[in-house]
Amino acid sequence: MEILENLPRESFFQKEHFETFLPSKFERNDKQILQERKDVQLRLLELHDELYPEIKKKKWNIDKHNSEEHLVSGIDISNPFIANKLSSIWLHYGKTDKEIKGYQKLVDEKSKESFINHIRLQVIISNQRREKKYVVGFWLVIGKNDGSVWDRDSINKKLKSDSVFTESFFELVTSLGDNYFIEVNNEARDNKNFESVEDFKRFILQDNRRNYFIIGKDYAPNAKEVFEENIVNTALEEFSRLYPIYELVKHRLF
C-alpha cells in the first residue's frame with residue numbers, strides 16, 4: 001500500500017505496525033505475528049504513559065483498566081475472550097474500578113461486567129476492512145459486539161421516552177465537527193448526515209447488541225495529527241469532543 005511505503009518517520013505508528021494488520025495475518029497466531037502484535041501493544045503503552053497523566057489532569061470521570069495486563073487489548077486469538085480474527089489493537093479508558101465492581105455485585109458471571117463490556121474511549125490502530133484502509137482512530141465505543149448491555153439499554157429507553165435526552169444526544173453528535181462517523185448495527189453514517197432528530201433517533205434505535213456501536217474519527221497513517229509530536233494532543237482534543245457524549249449516554253448505578 002503506497003501510503004505505508006511513504007510513511008513519514010515522524011508518524012507515531014510506522015509501516016511495520018500497520019502491516020501487523022494485513023488481511024493475511026488476521027487469523028494467524030504463530031510466534032512471528034504474536035511478536036508483531038506485541039510490538040504494537042508496546043507502542044500503545046508508550047502512548048498511554050504520556051496520555052494518561054494528561055487525562056487525569058482533565059478530571060474526567062474515566063479511568064484506565066485496573067489491571068496493567070489489560071491497559072491495551074489482547075493479541076492472542078487462541079484466548080476465548082478474543083475474536084478469532086484480529087484486525088486492530090487499542091488503548092482504552094472507561095468506567096472506574098468502583099463502577100465496574102458495582103455492576104459485578106449484581107451478576108453471578110462477573111466477567112460479563114468486565115471493563116471491556118462497558119462504554120469506553122479508545123485510541124485504535126486498525127485495518128478497517130469495511131473501507132479497506134489503515135487508520136488511527138479516536139473512538140467512543142458505546143458498545144462492542146455483545147457488550148455494554150446496561151449502557152445500550154439505557155440509551156434505548158431514553159430515546160423512546162425522554163425528548164430532552166434525545167435532543168441533547170443529537171446536538172452533541174452533529175456538532176462534533178467534520179469527518180466523524182457513527183456506526184450502528186454495521187451501518188456507518190457521517191455525523192452530519194441526519195435530516196432531523198427523528199432521523200437520528202430511528203438510526204440509533206436500530207442498535208443490535210451483537211454488533212459494535214461506535215462514534216469516532218479516523219486519521220490516515222500519514223496524517224500530521226498522528227505524528228509522534230502531535231498524537232497526545234490529538235487524543236486529548238478528540239476525547240474532549242467525545243467525552244460529553246460519554247457522560248450523557250453512559251449508564252449509572254450511583
# chains A, B, ... in the order shown; residues from 1 in each chain; ligands from 1
$ select_by_dssp --residues "region 7-139 of chain A" --states "helix (DSSP H, G or I)" --output "MDAnalysis selection string"
chainID A and resid 15:19 23:25 31:58 68:70 97:104 110:113 115:117
$ residues_around --residues "Lys160 (chain A)" --least-positions-apart "4" --cutoff "10 Å" --atoms "only C-alpha atoms" --output "ChimeraX atom specification"
/A:155-156,165-166,201,205
$ write_last_selection --atoms "C-alpha atoms" --output "PDB file, in the first residue's frame"
ATOM      1  CA  ILE A 155     -29.929   4.723  25.636  1.00  0.00           C
ATOM      2  CA  ASN A 156     -32.748   2.754  24.036  1.00  0.00           C
ATOM      3  CA  PHE A 165     -32.044  13.387  26.186  1.00  0.00           C
ATOM      4  CA  THR A 166     -32.716  12.672  22.517  1.00  0.00           C
ATOM      5  CA  LYS A 201     -33.388   8.579  16.671  1.00  0.00           C
ATOM      6  CA  LEU A 205     -32.781   2.557  17.667  1.00  0.00           C
TER       7      LEU A 205
END
$ closest_atom_pairs --of "region 9-55 of chain A" --to "region 217-228 of chain A" --cutoff "12 Å" --atoms "only C-alpha atoms" --output "tab-separated table"
residue	atom	partner	partner_atom	distance
A:Arg9	CA	A:Phe227	CA	8.6
A:Glu10	CA	A:Phe227	CA	5.2
A:Ser11	CA	A:Phe227	CA	4.0
A:Phe12	CA	A:Glu228	CA	4.2
A:Phe13	CA	A:Pro221	CA	7.3
A:Gln14	CA	A:Pro221	CA	8.1
A:Lys15	CA	A:Pro221	CA	8.7
A:Glu16	CA	A:Pro221	CA	11.7
A:His17	CA	A:Pro221	CA	10.2
A:Phe18	CA	A:Pro221	CA	8.3
A:Glu19	CA	A:Pro221	CA	11.4
A:Arg43	CA	A:Glu228	CA	10.9
A:Leu44	CA	A:Glu228	CA	11.7
A:Glu46	CA	A:Glu228	CA	10.8
A:Leu47	CA	A:Glu228	CA	9.2
A:Glu50	CA	A:Glu228	CA	11.2
$ write_last_selection --atoms "N, CA, C and O atoms" --output "compact mmCIF listing (two decimals), in the first residue's frame"
# COMPACT_ATOMS: atom_id res chain seq x y z
N ARG A 9 8.83 9.44 8.82
CA ARG A 9 9.46 8.93 10.03
C ARG A 9 8.87 9.58 11.28
O ARG A 9 9.01 9.06 12.38
N GLU A 10 8.19 10.73 11.10
CA GLU A 10 7.58 11.42 12.25
C GLU A 10 6.30 10.75 12.73
O GLU A 10 5.81 11.05 13.82
N SER A 11 5.73 9.86 11.92
CA SER A 11 4.47 9.22 12.30
C SER A 11 4.67 8.35 13.55
O SER A 11 5.68 7.63 13.66
N PHE A 12 3.71 8.44 14.46
CA PHE A 12 3.83 7.68 15.71
C PHE A 12 3.86 6.18 15.43
O PHE A 12 4.65 5.44 16.00
N PHE A 13 2.97 5.71 14.55
CA PHE A 13 2.97 4.31 14.12
C PHE A 13 3.67 4.22 12.78
O PHE A 13 3.42 5.01 11.87
N GLN A 14 4.54 3.24 12.63
CA GLN A 14 5.30 3.06 11.41
C GLN A 14 4.77 1.90 10.57
O GLN A 14 3.84 1.20 10.98
N LYS A 15 5.37 1.74 9.41
CA LYS A 15 4.90 0.74 8.45
C LYS A 15 4.73 -0.63 9.09
O LYS A 15 3.72 -1.31 8.88
N GLU A 16 5.71 -1.05 9.90
CA GLU A 16 5.65 -2.39 10.49
C GLU A 16 4.47 -2.54 11.45
O GLU A 16 3.92 -3.64 11.61
N HIS A 17 4.07 -1.44 12.09
CA HIS A 17 2.93 -1.51 12.99
C HIS A 17 1.64 -1.76 12.21
O HIS A 17 0.82 -2.60 12.59
N PHE A 18 1.46 -1.02 11.13
CA PHE A 18 0.25 -1.20 10.31
C PHE A 18 0.23 -2.56 9.62
O PHE A 18 -0.83 -3.19 9.50
N GLU A 19 1.41 -3.02 9.18
CA GLU A 19 1.45 -4.30 8.46
C GLU A 19 1.16 -5.49 9.37
O GLU A 19 0.93 -6.60 8.89
N ARG A 43 3.91 -0.07 21.73
CA ARG A 43 3.83 1.30 21.22
C ARG A 43 2.64 2.03 21.83
O ARG A 43 2.75 3.21 22.20
N LEU A 44 1.52 1.34 21.95
CA LEU A 44 0.35 1.95 22.58
C LEU A 44 0.58 2.21 24.07
O LEU A 44 0.09 3.20 24.62
N GLU A 46 3.44 3.03 25.32
CA GLU A 46 4.24 4.26 25.34
C GLU A 46 3.33 5.48 25.23
O GLU A 46 3.56 6.50 25.91
N LEU A 47 2.31 5.38 24.39
CA LEU A 47 1.35 6.47 24.28
C LEU A 47 0.60 6.65 25.60
O LEU A 47 0.41 7.78 26.06
N GLU A 50 2.25 8.74 28.29
CA GLU A 50 2.17 10.19 28.10
C GLU A 50 0.74 10.71 28.23
O GLU A 50 0.49 11.80 28.76
$ residues_around --residues "region 232-244 of chain A" --least-positions-apart "3" --cutoff "7 Å" --atoms "only C-alpha atoms" --output "list in words"
Leu51, Phe138, Leu140, Leu176, Glu225, Glu247 and Leu248 of chain A
$ write_last_selection --atoms "N, CA, C and O atoms" --output "compact mmCIF listing (two decimals), in the first residue's frame"
# COMPACT_ATOMS: atom_id res chain seq x y z
N LEU A 51 -0.20 9.93 27.73
CA LEU A 51 -1.59 10.38 27.64
C LEU A 51 -2.32 10.31 28.97
O LEU A 51 -3.07 11.24 29.33
N PHE A 138 -9.85 7.56 16.89
CA PHE A 138 -10.15 8.06 18.23
C PHE A 138 -11.66 7.88 18.38
O PHE A 138 -12.44 8.61 17.76
N LEU A 140 -15.34 6.72 20.53
CA LEU A 140 -16.18 6.43 21.68
C LEU A 140 -16.89 5.13 21.34
O LEU A 140 -17.78 5.10 20.48
N LEU A 176 -20.06 17.68 16.50
CA LEU A 176 -18.68 17.24 16.72
C LEU A 176 -17.69 17.91 15.79
O LEU A 176 -16.54 18.12 16.13
N GLU A 225 -1.67 14.91 12.36
CA GLU A 225 -2.29 14.81 13.69
C GLU A 225 -1.81 13.59 14.47
O GLU A 225 -1.89 13.57 15.70
N GLU A 247 -20.48 11.10 28.85
CA GLU A 247 -21.16 11.47 30.10
C GLU A 247 -22.69 11.45 29.95
O GLU A 247 -23.41 11.08 30.87
N LEU A 248 -23.17 11.86 28.78
CA LEU A 248 -24.62 11.88 28.57
C LEU A 248 -25.21 10.49 28.51
O LEU A 248 -26.25 10.23 29.11
$ select_by_dssp --residues "region 7-252 of chain A" --states "strand (DSSP E)" --output "PyMOL selection string"
chain A and resi 88-94+120-128+133-143+180-184+187-190+213-219
$ closest_atom_pairs --of "region 48-74 of chain A" --to "region 99-118 of chain A" --cutoff "12 Å" --atoms "only C-alpha atoms" --output "tab-separated table"
residue	atom	partner	partner_atom	distance
A:Asn61	CA	A:Glu99	CA	10.4
A:Ile62	CA	A:Glu99	CA	10.1
A:Asp63	CA	A:Phe115	CA	10.1
A:Lys64	CA	A:Phe115	CA	9.1
A:His65	CA	A:Phe115	CA	6.6
A:Asn66	CA	A:Phe115	CA	8.6
A:Ser67	CA	A:Phe115	CA	10.0
A:His70	CA	A:Phe115	CA	9.3
A:Leu71	CA	A:Phe115	CA	10.2
A:Val72	CA	A:Ile116	CA	10.6
A:Ser73	CA	A:Ile116	CA	9.1
A:Gly74	CA	A:Ile116	CA	11.2
$ closest_residue --among "A:Lys31, A:Val184, A:Ile142, A:Ile77" --to "Ser154 (chain A)" --atoms "only C-alpha atoms"
A:Ile142
$ atom_distance --atom1 "CA of Tyr134 (chain A)" --atom2 "CA of Asp76 (chain A)"
20.7 Å
$ atom_distance --atom1 "CA of Glu198 (chain A)" --atom2 "CA of Ile245 (chain A)"
18.2 Å
$ residues_around --residues "Phe200 (chain A)" --least-positions-apart "6" --cutoff "10 Å" --atoms "only C-alpha atoms" --output "ChimeraX atom specification"
/A:166-167,169-170,173-174,191-194
$ atom_distance --atom1 "CA of Trp150 (chain A)" --atom2 "CA of Lys98 (chain A)"
15.8 Å
$ closest_residue --among "A:Ser24, A:Asn211, A:Thr96, A:Asn230" --to "Gly147 (chain A)" --atoms "only C-alpha atoms"
A:Asn211
$ closest_residue --among "A:Asp178, A:Asp162, A:Asp97, A:Asp207" --to "Asn145 (chain A)" --atoms "only C-alpha atoms"
A:Asp207
$ decode --residues "region 95-131 of chain A" --atoms "N, CA, C and O atoms" --output "short mmCIF file (atom, residue, chain, number, x, y, z; two decimals), in the first residue's frame"
data_model
loop_
_atom_site.label_atom_id
_atom_site.label_comp_id
_atom_site.auth_asym_id
_atom_site.auth_seq_id
_atom_site.Cartn_x
_atom_site.Cartn_y
_atom_site.Cartn_z
N LYS A 95 -15.15 3.24 32.49
CA LYS A 95 -15.70 3.33 33.83
C LYS A 95 -14.66 2.96 34.88
O LYS A 95 -13.77 2.14 34.64
N THR A 96 -14.77 3.59 36.03
CA THR A 96 -13.80 3.37 37.10
C THR A 96 -13.96 1.98 37.70
O THR A 96 -14.99 1.32 37.53
N ASP A 97 -12.93 1.55 38.40
CA ASP A 97 -12.98 0.23 39.04
C ASP A 97 -14.15 0.14 40.02
O ASP A 97 -14.82 -0.90 40.13
N LYS A 98 -14.44 1.23 40.71
CA LYS A 98 -15.58 1.25 41.64
C LYS A 98 -16.88 1.01 40.88
O LYS A 98 -17.75 0.25 41.34
N GLU A 99 -17.02 1.66 39.73
CA GLU A 99 -18.23 1.48 38.94
C GLU A 99 -18.36 0.03 38.44
O GLU A 99 -19.43 -0.58 38.55
N ILE A 100 -17.27 -0.52 37.92
CA ILE A 100 -17.30 -1.89 37.40
C ILE A 100 -17.65 -2.88 38.51
O ILE A 100 -18.47 -3.79 38.32
N LYS A 101 -17.05 -2.72 39.67
CA LYS A 101 -17.34 -3.63 40.78
C LYS A 101 -18.79 -3.52 41.23
O LYS A 101 -19.39 -4.50 41.70
N GLY A 102 -19.38 -2.34 41.08
CA GLY A 102 -20.80 -2.18 41.40
C GLY A 102 -21.67 -3.04 40.52
O GLY A 102 -22.63 -3.68 40.99
N TYR A 103 -21.35 -3.11 39.21
CA TYR A 103 -22.11 -3.97 38.30
C TYR A 103 -21.87 -5.44 38.62
O TYR A 103 -22.79 -6.27 38.57
N GLN A 104 -20.62 -5.78 38.94
CA GLN A 104 -20.29 -7.18 39.19
C GLN A 104 -21.01 -7.73 40.41
O GLN A 104 -21.26 -8.94 40.49
N LYS A 105 -21.39 -6.86 41.34
CA LYS A 105 -22.14 -7.31 42.52
C LYS A 105 -23.55 -7.76 42.16
O LYS A 105 -24.19 -8.47 42.94
N LEU A 106 -24.01 -7.35 40.99
CA LEU A 106 -25.40 -7.64 40.60
C LEU A 106 -25.54 -8.92 39.78
O LEU A 106 -26.66 -9.33 39.48
N VAL A 107 -24.41 -9.52 39.39
CA VAL A 107 -24.47 -10.68 38.50
C VAL A 107 -23.64 -11.83 39.06
O VAL A 107 -22.74 -11.64 39.87
N ASP A 108 -23.97 -13.04 38.60
CA ASP A 108 -23.20 -14.21 39.02
C ASP A 108 -21.93 -14.36 38.19
O ASP A 108 -20.88 -14.72 38.71
N GLU A 109 -22.03 -14.10 36.88
CA GLU A 109 -20.89 -14.23 35.99
C GLU A 109 -20.20 -12.88 35.85
O GLU A 109 -20.55 -12.07 35.00
N LYS A 110 -19.22 -12.65 36.71
CA LYS A 110 -18.61 -11.32 36.81
C LYS A 110 -17.90 -10.89 35.52
O LYS A 110 -17.80 -9.70 35.23
N SER A 111 -17.42 -11.84 34.74
CA SER A 111 -16.70 -11.50 33.51
C SER A 111 -17.58 -10.75 32.52
O SER A 111 -17.10 -9.99 31.69
N LYS A 112 -18.91 -10.94 32.62
CA LYS A 112 -19.83 -10.25 31.71
C LYS A 112 -19.92 -8.76 32.02
O LYS A 112 -20.44 -7.99 31.21
N GLU A 113 -19.45 -8.37 33.19
CA GLU A 113 -19.45 -6.96 33.56
C GLU A 113 -18.03 -6.42 33.68
O GLU A 113 -17.76 -5.51 34.45
N SER A 114 -17.11 -7.00 32.90
CA SER A 114 -15.73 -6.53 32.93
C SER A 114 -15.63 -5.18 32.23
O SER A 114 -16.57 -4.72 31.57
N PHE A 115 -14.49 -4.55 32.38
CA PHE A 115 -14.23 -3.22 31.84
C PHE A 115 -14.62 -3.09 30.37
O PHE A 115 -15.26 -2.13 29.95
N ILE A 116 -14.25 -4.10 29.57
CA ILE A 116 -14.47 -4.04 28.13
C ILE A 116 -15.95 -4.15 27.76
O ILE A 116 -16.35 -3.85 26.65
N ASN A 117 -16.75 -4.59 28.71
CA ASN A 117 -18.19 -4.74 28.47
C ASN A 117 -18.98 -3.50 28.85
O ASN A 117 -20.20 -3.59 29.10
N HIS A 118 -18.30 -2.37 28.89
CA HIS A 118 -18.95 -1.08 29.16
C HIS A 118 -18.40 -0.04 28.19
O HIS A 118 -17.40 -0.26 27.51
N ILE A 119 -19.04 1.09 28.15
CA ILE A 119 -18.67 2.20 27.27
C ILE A 119 -17.22 2.62 27.53
O ILE A 119 -16.77 2.69 28.68
N ARG A 120 -16.48 2.93 26.43
CA ARG A 120 -15.06 3.28 26.57
C ARG A 120 -14.63 4.28 25.51
O ARG A 120 -15.19 4.32 24.41
N LEU A 121 -13.59 5.05 25.81
CA LEU A 121 -12.89 5.88 24.83
C LEU A 121 -11.63 5.13 24.40
O LEU A 121 -10.94 4.55 25.24
N GLN A 122 -11.35 5.15 23.10
CA GLN A 122 -10.24 4.36 22.57
C GLN A 122 -9.34 5.17 21.64
O GLN A 122 -9.81 6.05 20.92
N VAL A 123 -8.05 4.81 21.67
CA VAL A 123 -7.15 5.11 20.57
C VAL A 123 -6.88 3.76 19.92
O VAL A 123 -6.43 2.82 20.59
N ILE A 124 -7.15 3.64 18.62
CA ILE A 124 -7.08 2.34 17.96
C ILE A 124 -6.26 2.42 16.68
O ILE A 124 -6.36 3.39 15.93
N ILE A 125 -5.42 1.42 16.46
CA ILE A 125 -4.73 1.25 15.18
C ILE A 125 -5.38 0.05 14.52
O ILE A 125 -5.49 -1.02 15.13
N SER A 126 -5.83 0.24 13.28
CA SER A 126 -6.75 -0.75 12.71
C SER A 126 -6.64 -0.83 11.20
O SER A 126 -6.31 0.15 10.52
N ASN A 127 -6.97 -2.00 10.69
CA ASN A 127 -7.23 -2.17 9.27
C ASN A 127 -8.75 -2.26 9.13
O ASN A 127 -9.36 -3.28 9.45
N GLN A 128 -9.35 -1.17 8.68
CA GLN A 128 -10.80 -1.11 8.56
C GLN A 128 -11.23 -1.89 7.31
O GLN A 128 -11.20 -1.38 6.20
N ARG A 129 -11.62 -3.12 7.52
CA ARG A 129 -11.94 -3.99 6.38
C ARG A 129 -13.10 -3.44 5.56
O ARG A 129 -13.15 -3.60 4.35
N ARG A 130 -14.05 -2.79 6.23
CA ARG A 130 -15.21 -2.27 5.51
C ARG A 130 -14.78 -1.25 4.47
O ARG A 130 -15.33 -1.19 3.38
N GLU A 131 -13.80 -0.42 4.81
CA GLU A 131 -13.35 0.63 3.90
C GLU A 131 -12.00 0.31 3.26
O GLU A 131 -11.48 1.09 2.47
#
